[in-house]
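Asker: Structure provided below as structure tokens; questions to follow.
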Amino acid sequence: MNDSSLLWDDGALVTIDQRGLPHEVRELRLSTVDQVIDAIRTLAVRGAPAIGIAGAFGVVIATAVHTVEGVVDEAAVQAEADRIAAARPTAVNLAWAVRRVRQKVAEGADAVLAETLDMLAEDGRVNRAAATNAADLVQGLCPDRPLRVLTHCNTGRLATSAFGTAIGTLRVLSERGAIEQVLVDETRPLLQGARLTTWELAEAGIPHRLTIDSAAAWAMATGQVDCVLVGADRVTANGDVANKIGTYGLALAARHHGIPFVVVAPESTRDADMTTGREIVVEERAAHEVTGFGGTATAPAQTEVFNPAFDVTPGELVTAVVTENGVVHRNDPSHGAAIADIARELYRRGWMPGTAGNISVRTDANAVVTGSGLSKGELTERDMVTVRVADSAPVSGQERKPSAETTIHTAVYRTRSAQAVVHIHPPFATALATRSAVPGALTTLRITDYELIKGLGGADPAVADIPVFPNWPDVPRIGADIERYLLDHPDALPVLFIAGHGITAWGDNLPQARDRAECLEALCELVSRIGSPAAFGARDDILEIGLT
Ligand code: MRU
């Protein structure tokens, strides 16, 4: 066979029978719908993208069979398509591919075949693009070292049609000379890792060692794994990932050891219509897969078995999901932990009293923000909510509600390149902002001469013009005021007051945003202690306070 593991030849789908590997490379010709379904069910053809394409060829066969004198019996073909799509429930690619070619059935078998061949051609390109994106990400996450990567199941050219996803990423990393060694999980009970991944890695000349599934956590604990790379069978809208049983345990262990856990998949594996992983149907397979090994019984006859073929890893454990479009979900637990650390520190100073105040960090098109109504003294990394910068909406599937003041944060992210925002209620700054406010209107407080002005991050070390926004009960209105102001004032300082409310500061990272907020509070304390603010009134709309 050539590089593609799936070929169309004279009315039949021709593939490698994956059940025979690694000992026997035997060709499998599938020329009936029942043969295609059986091959998918018995894992002769397996892997999410591969079963999708095989299913589409099944629809080609069904359309040809149910065409008499040029007329397609559409109802009969659609019934066959339903049977094919149901052959395995978990990988969304099967349903996706069958749905895609179904639309061509009325045009006849040649049209269904043309669509399927397009899909086949796309698959190799898409996998290479996803793998290249993932390799770039992994090298960014784990720079400057030859990598020791752990992988699970088989995600190579057998599981797709060509190149592979997680294994494709190993191919790209290997081409770049960035692989020291791959640790291959055996992948009980059907041994896709032991039988197929080792075979593909040997074929590609990528150094590897095989290990039992239960050694993976220990390999991480003993410093032998830099990164975990796996494929996926379905990625739901909130970033939960269904993949081969054992993946969830790997993600938990990787999180415990601070090891990046990266999922590589084509866009066709993403299921935008499914909100969370709780809705995924996990295939359960026959007991004999567990009660025996290599044809020999290893458990007493009649032993009851739990044999799920997949598990669902919560999105929060996944460092990133990467497709041909780039990183589509990113989850850096260090953001949540860093936010929680700073929140607890600011709480102890009395600047986030009770549940007040909120902190966020930007992650590409999203931001991670503190959840609503939580005591800032007890915050943990699990108390964060991911929201979209564009419209402040939480990414679906999260249980917590984001901070009620999220719109203040996203207004900053939409208008500045800031990476972190701190919104707090320190007493001196809040009091000064309140005293300086003009009810219902935006005003500016000018503070001059204090050395601490330099700490606010502005261009002028001697003068700080800080806007004082009115405090509307409708928080999005405050966000809208801030957004408008920042658009109109490209040189504005990265700090602001909200009268009767508190302050907001931002920066390139969380410590910088926090430092700016600290400087503003310290400045306001100085101004307050030196006495009544002197208003010089150079301009009606500016209240000026300084040493001179
Ligand atoms: O039961 P399988 O072998 O079909 O399960 C396959 C997996 O779980 C793969 O990791 C997944 O389909 C990705 S293949 C690129």
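Letters A, B, ... go to the chains of the structure tokens in the order shown; residues in each chain start at 1; ligands are counted from 1 in the same order.
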Pick out the residues no farther than 7 Å from ligand 1, counting only C-alpha atoms and all ligand atoms, and list them as a list in words.
Answerer: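 Every residue with an atom at most 7 Å from ligand 1 is listed here: Leu43, Arg46, Gly47, Ala48, Pro49, Ala91, His152, Cys153, Asn154, Thr155, Gly156, Ala159, Thr160, Gly164, Thr165, Ala166, Gln192, Val230, Gly231, Ala232, Asp233, Asn243, Lys244, Ala265, Ala309 and Phe310 of chain A.
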Asker: Got a sec: who's within 9 Å of Thr410 (chain A), counting only C-alpha atoms, leaving out chain neighbours fewer than 5 positions off, as a VMD selection string?
Answerer: chain A and resid 367 387 to 392 415 479 483
Asker: Given only C-alpha atoms as the basis, pick out the residue of A:Ile61, A:Ala433, A:Val305, A:Val322 nearest to Ala131 (chain A).
Answerer: A:Val322
Asker: To test your reading of the structure, identify every residue in region 93-220 of chain A that backbone DSSP assigns to strand (DSSP E or B), and report it as number ranges by chain.
Answerer: A: 147-151, 179-185, 208-211
Asker: Under the rule that only C-alpha atoms are counted, which of A:Leu30, A:Ile40, A:Ala50, A:Pro22 is the nearest residue to Ser5 (chain A)?
Answerer: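 Among A:Leu30, A:Ile40, A:Ala50, A:Pro22, it is A:Ala50 that comes nearest to Ser5 (chain A).
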Asker: What separation in Å, quoted to one decimal, exists between CA of Val463 (chain A) and CA of Ile447 (chain A)?
Answerer: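 Distance reported for this atom pair: 5.9 Å.
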Asker: Ranking A:Leu196, A:Val290, A:Ile482, A:Val475 by minimum distance to Glu24 (chain A) and counting only C-alpha atoms, which one comes first?
Answerer: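 Smallest separation from Glu24 (chain A) among the options: A:Leu196.
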Asker: Could you please determine the separation between CA of Ala320 (chain A) and CA of Gly336 (chain A) in Å, to one decimal place?
Answerer: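 Answer for the CA of Ala320 (chain A) to CA of Gly336 (chain A) separation: 15.1 Å.
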Asker: Any idea what's packed within 10 Å of Trp218 (chain A), counting only C-alpha atoms, ignoring anything in its chain fewer than 6 positions away? Could you give it as a ChimeraX atom specification?
Answerer: /A:224-225,253
Asker: Nearest to Gly258 (chain A): which of A:Thr313, A:Val318, A:Ala194, A:Thr504 is it, counting only C-alpha atoms?
Answerer: A:Val318
Asker: Mind checking which residues fall within 12 Å of region 338-350 of chain A, counting only C-alpha atoms, ignoring those fewer than 2 positions away in the same chain, and posting them as an MDAnalysis selection string?
Answerer: chainID A and resid 332:336 352:362 367:371 374:385 420:428 509:515 517:518 521
Asker: With N, CA and C atoms kept, could you save the residues just selected as a compact mmCIF listing (two decimals), in the first residue's frame?
Answerer:
```
# COMPACT_ATOMS: atom_id res chain seq x y z
N ASP A 332 -4.25 27.00 30.70
CA ASP A 332 -2.99 27.03 31.43
C ASP A 332 -3.32 27.10 32.91
N PRO A 333 -3.17 25.98 33.63
CA PRO A 333 -3.57 25.98 35.04
C PRO A 333 -2.78 27.00 35.83
N SER A 334 -1.61 27.37 35.32
CA SER A 334 -0.80 28.32 36.08
C SER A 334 -1.51 29.68 36.14
N HIS A 335 -2.35 30.00 35.13
CA HIS A 335 -3.09 31.28 35.20
C HIS A 335 -4.00 31.28 36.42
N GLY A 336 -4.80 30.20 36.53
CA GLY A 336 -5.74 30.11 37.65
C GLY A 336 -5.01 30.16 38.98
N MET A 352 -9.49 43.35 48.77
CA MET A 352 -10.56 42.57 48.12
C MET A 352 -11.44 42.04 49.25
N PRO A 353 -12.09 42.95 49.99
CA PRO A 353 -12.81 42.50 51.17
C PRO A 353 -13.97 41.55 50.82
N GLY A 354 -14.13 40.54 51.64
CA GLY A 354 -15.23 39.59 51.39
C GLY A 354 -15.07 38.97 50.02
N THR A 355 -16.11 39.15 49.22
CA THR A 355 -16.06 38.57 47.87
C THR A 355 -15.73 39.63 46.82
N ALA A 356 -15.38 40.86 47.28
CA ALA A 356 -15.23 41.98 46.34
C ALA A 356 -13.95 41.87 45.50
N GLY A 357 -13.99 42.51 44.35
CA GLY A 357 -12.82 42.57 43.47
C GLY A 357 -12.77 41.37 42.53
N ASN A 358 -12.03 41.53 41.48
CA ASN A 358 -11.89 40.45 40.49
C ASN A 358 -10.60 40.64 39.71
N ILE A 359 -10.09 39.51 39.22
CA ILE A 359 -8.78 39.51 38.56
C ILE A 359 -8.90 38.63 37.32
N SER A 360 -8.20 38.99 36.26
CA SER A 360 -8.25 38.14 35.06
C SER A 360 -6.90 38.10 34.36
N VAL A 361 -6.76 37.06 33.54
CA VAL A 361 -5.59 36.93 32.67
C VAL A 361 -6.12 36.60 31.28
N ARG A 362 -5.52 37.20 30.28
CA ARG A 362 -5.97 36.95 28.91
C ARG A 362 -5.31 35.68 28.36
N ALA A 367 -10.41 35.09 28.15
CA ALA A 367 -9.76 35.54 29.38
C ALA A 367 -10.22 34.61 30.50
N VAL A 368 -9.33 34.36 31.43
CA VAL A 368 -9.67 33.57 32.62
C VAL A 368 -9.92 34.57 33.74
N VAL A 369 -11.12 34.54 34.31
CA VAL A 369 -11.49 35.56 35.30
C VAL A 369 -12.01 34.86 36.57
N THR A 370 -11.86 35.54 37.69
CA THR A 370 -12.33 34.96 38.95
C THR A 370 -13.85 34.75 38.89
N GLY A 371 -14.31 33.66 39.50
CA GLY A 371 -15.74 33.37 39.53
C GLY A 371 -16.48 34.37 40.40
N LEU A 374 -17.28 34.70 45.19
CA LEU A 374 -16.40 33.83 45.97
C LEU A 374 -15.51 34.64 46.89
N SER A 375 -15.26 34.13 48.08
CA SER A 375 -14.36 34.83 49.00
C SER A 375 -12.95 34.83 48.42
N LYS A 376 -12.37 36.01 48.33
CA LYS A 376 -11.05 36.10 47.71
C LYS A 376 -9.95 35.59 48.65
N GLY A 377 -10.32 35.40 49.91
CA GLY A 377 -9.33 34.88 50.85
C GLY A 377 -9.14 33.38 50.71
N GLU A 378 -10.08 32.72 50.04
CA GLU A 378 -10.01 31.26 49.95
C GLU A 378 -9.98 30.78 48.50
N LEU A 379 -9.65 31.68 47.60
CA LEU A 379 -9.73 31.34 46.18
C LEU A 379 -8.72 30.26 45.80
N THR A 380 -9.12 29.34 44.92
CA THR A 380 -8.17 28.35 44.39
C THR A 380 -8.24 28.41 42.87
N GLU A 381 -7.31 27.68 42.22
CA GLU A 381 -7.26 27.72 40.75
C GLU A 381 -8.55 27.19 40.12
N ARG A 382 -9.32 26.42 40.87
CA ARG A 382 -10.56 25.86 40.30
C ARG A 382 -11.71 26.86 40.30
N ASP A 383 -11.47 28.05 40.86
CA ASP A 383 -12.55 29.03 40.97
C ASP A 383 -12.59 30.00 39.80
N MET A 384 -11.89 29.67 38.71
CA MET A 384 -11.81 30.59 37.57
C MET A 384 -12.82 30.21 36.49
N VAL A 385 -13.19 31.19 35.70
CA VAL A 385 -14.13 30.95 34.60
C VAL A 385 -13.52 31.55 33.33
N ALA A 420 -3.26 41.09 31.60
CA ALA A 420 -3.83 40.84 32.93
C ALA A 420 -4.50 42.11 33.44
N VAL A 421 -5.60 41.92 34.16
CA VAL A 421 -6.34 43.06 34.73
C VAL A 421 -6.64 42.76 36.20
N VAL A 422 -6.41 43.76 37.05
CA VAL A 422 -6.70 43.64 38.48
C VAL A 422 -7.73 44.72 38.82
N HIS A 423 -8.85 44.30 39.41
CA HIS A 423 -9.88 45.27 39.80
C HIS A 423 -10.12 45.10 41.30
N ILE A 424 -9.74 46.12 42.10
CA ILE A 424 -9.77 45.96 43.55
C ILE A 424 -10.36 47.20 44.23
N HIS A 425 -10.46 47.13 45.56
CA HIS A 425 -11.11 48.19 46.33
C HIS A 425 -10.20 48.69 47.46
N PRO A 426 -9.03 49.19 47.15
CA PRO A 426 -8.14 49.66 48.22
C PRO A 426 -8.68 50.97 48.80
N PRO A 427 -8.55 51.20 50.11
CA PRO A 427 -9.31 52.29 50.74
C PRO A 427 -8.90 53.70 50.29
N PHE A 428 -7.61 53.99 50.20
CA PHE A 428 -7.22 55.38 49.89
C PHE A 428 -7.62 55.76 48.47
N ASN A 509 1.46 41.43 32.38
CA ASN A 509 1.29 40.18 33.13
C ASN A 509 0.67 40.54 34.48
N LEU A 510 0.33 39.51 35.22
CA LEU A 510 -0.38 39.71 36.49
C LEU A 510 0.44 40.52 37.50
N PRO A 511 1.71 40.18 37.72
CA PRO A 511 2.47 40.99 38.69
C PRO A 511 2.53 42.47 38.28
N GLN A 512 2.65 42.74 36.98
CA GLN A 512 2.73 44.15 36.56
C GLN A 512 1.40 44.87 36.83
N ALA A 513 0.29 44.21 36.53
CA ALA A 513 -1.02 44.83 36.81
C ALA A 513 -1.16 45.07 38.31
N ARG A 514 -0.75 44.07 39.12
CA ARG A 514 -0.83 44.22 40.57
C ARG A 514 0.06 45.36 41.06
N ASP A 515 1.30 45.45 40.52
CA ASP A 515 2.23 46.50 40.94
C ASP A 515 1.66 47.89 40.65
N ALA A 517 -1.49 48.70 40.42
CA ALA A 517 -2.59 48.95 41.37
C ALA A 517 -2.00 49.36 42.72
N GLU A 518 -0.93 48.69 43.14
CA GLU A 518 -0.27 49.02 44.42
C GLU A 518 0.25 50.45 44.41
N GLU A 521 -2.57 52.94 44.78
CA GLU A 521 -3.06 53.01 46.15
C GLU A 521 -2.05 53.79 47.03
```
Asker: Excluding Gly246 (chain A) and its own-chain neighbours fewer than 5 positions away, which residues fall within 12 Å of it when counting only C-alpha atoms? Please give them as a list in words.
Answerer: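 After dropping sequence-adjacent residues, the list is Thr151, His152, Cys153, Asp185, Glu186, Thr187, Arg188, Pro189, Leu191, Gly193, Ile212, Asp213, Ser214, Ala215, Ala216, Ala217, Val230, Ala251, Leu252, Ala253, Asn307, Pro308, Ala309, Phe310, Asp311, Val312 and Thr313 of chain A.
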Asker: For N, CA and C atoms, I'd like the residues from the last selection saved as a tab-separated table (two decimals), in the first residue's frame.
Answerer:
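Generated file (out-v5.tsv):
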```tsv
chain	number	residue	atom	x	y	z
A	151	THR	N	2.79	8.90	24.55
A	151	THR	CA	1.57	8.88	23.75
A	151	THR	C	0.76	7.63	24.06
A	152	HIS	N	-0.53	7.69	23.73
A	152	HIS	CA	-1.48	6.64	24.11
A	152	HIS	C	-2.26	6.24	22.87
A	153	CYS	N	-2.64	4.97	22.80
A	153	CYS	CA	-3.42	4.45	21.69
A	153	CYS	C	-2.63	4.59	20.38
A	185	ASP	N	2.35	3.94	25.37
A	185	ASP	CA	1.48	3.15	26.25
A	185	ASP	C	0.96	1.94	25.49
A	186	GLU	N	0.97	0.81	26.16
A	186	GLU	CA	0.48	-0.42	25.56
A	186	GLU	C	-0.98	-0.29	25.07
A	187	THR	N	-1.82	0.38	25.88
A	187	THR	CA	-3.23	0.64	25.58
A	187	THR	C	-4.09	-0.63	25.66
A	188	ARG	N	-4.22	-1.11	26.88
A	188	ARG	CA	-5.11	-2.24	27.16
A	188	ARG	C	-6.55	-1.83	26.86
A	189	PRO	N	-7.43	-2.73	26.47
A	189	PRO	CA	-7.17	-4.15	26.29
A	189	PRO	C	-6.78	-4.54	24.86
A	191	LEU	N	-4.57	-3.10	22.79
A	191	LEU	CA	-3.14	-2.93	22.51
A	191	LEU	C	-2.82	-2.12	21.25
A	193	GLY	N	-1.46	0.67	21.19
A	193	GLY	CA	-0.11	1.23	21.35
A	193	GLY	C	0.94	0.19	21.05
A	212	ILE	N	3.82	-0.48	29.97
A	212	ILE	CA	2.44	-0.84	30.33
A	212	ILE	C	1.71	0.43	30.75
A	213	ASP	N	0.41	0.46	30.54
A	213	ASP	CA	-0.37	1.67	30.83
A	213	ASP	C	-0.14	2.15	32.26
A	214	SER	N	-0.08	1.17	33.17
A	214	SER	CA	0.00	1.55	34.58
A	214	SER	C	1.38	2.07	34.98
A	215	ALA	N	2.33	2.10	34.05
A	215	ALA	CA	3.65	2.68	34.37
A	215	ALA	C	3.72	4.16	34.00
A	216	ALA	N	2.69	4.66	33.31
A	216	ALA	CA	2.78	6.03	32.78
A	216	ALA	C	2.95	7.08	33.89
A	217	ALA	N	2.13	6.98	34.94
A	217	ALA	CA	2.22	7.98	36.02
A	217	ALA	C	3.60	7.92	36.67
A	230	VAL	N	-1.83	13.16	22.71
A	230	VAL	CA	-2.84	12.16	22.37
A	230	VAL	C	-3.76	12.70	21.27
A	251	ALA	N	-4.12	12.38	31.90
A	251	ALA	CA	-4.29	13.84	32.08
A	251	ALA	C	-4.18	14.22	33.55
A	252	LEU	N	-4.79	13.39	34.42
A	252	LEU	CA	-4.70	13.67	35.86
A	252	LEU	C	-3.25	13.60	36.34
A	253	ALA	N	-2.54	12.57	35.89
A	253	ALA	CA	-1.15	12.42	36.32
A	253	ALA	C	-0.30	13.56	35.77
A	307	ASN	N	-15.93	-2.59	30.61
A	307	ASN	CA	-14.97	-2.42	29.51
A	307	ASN	C	-15.32	-1.21	28.63
A	308	PRO	N	-15.19	0.01	29.21
A	308	PRO	CA	-15.44	1.19	28.37
A	308	PRO	C	-14.29	1.36	27.39
A	309	ALA	N	-14.62	1.66	26.13
A	309	ALA	CA	-13.56	1.82	25.12
A	309	ALA	C	-12.94	3.21	25.20
A	310	PHE	N	-13.63	4.15	25.83
A	310	PHE	CA	-13.16	5.54	25.87
A	310	PHE	C	-13.39	6.11	27.25
A	311	ASP	N	-12.76	7.25	27.51
A	311	ASP	CA	-13.13	8.05	28.68
A	311	ASP	C	-13.20	9.50	28.24
A	312	VAL	N	-13.66	10.35	29.14
A	312	VAL	CA	-13.80	11.77	28.80
A	312	VAL	C	-12.94	12.57	29.77
A	313	THR	N	-11.98	13.28	29.23
A	313	THR	CA	-11.09	14.10	30.05
A	313	THR	C	-11.66	15.51	30.13
```
Asker: Fewer than 5 positions away in the same chain doesn't count, so skip those; otherwise give me all residues within 10 Å of region 294-301 of chain A, counting only C-alpha atoms, as number ranges by chain.
Answerer: A: 190, 288-289
Asker: For Leu183 (chain A), work out the shell of residues within 6 Å, counting only C-alpha atoms and skipping chain neighbours fewer than 5 positions away, then give it as a ChimeraX atom specification.
Answerer: /A:150,208-210
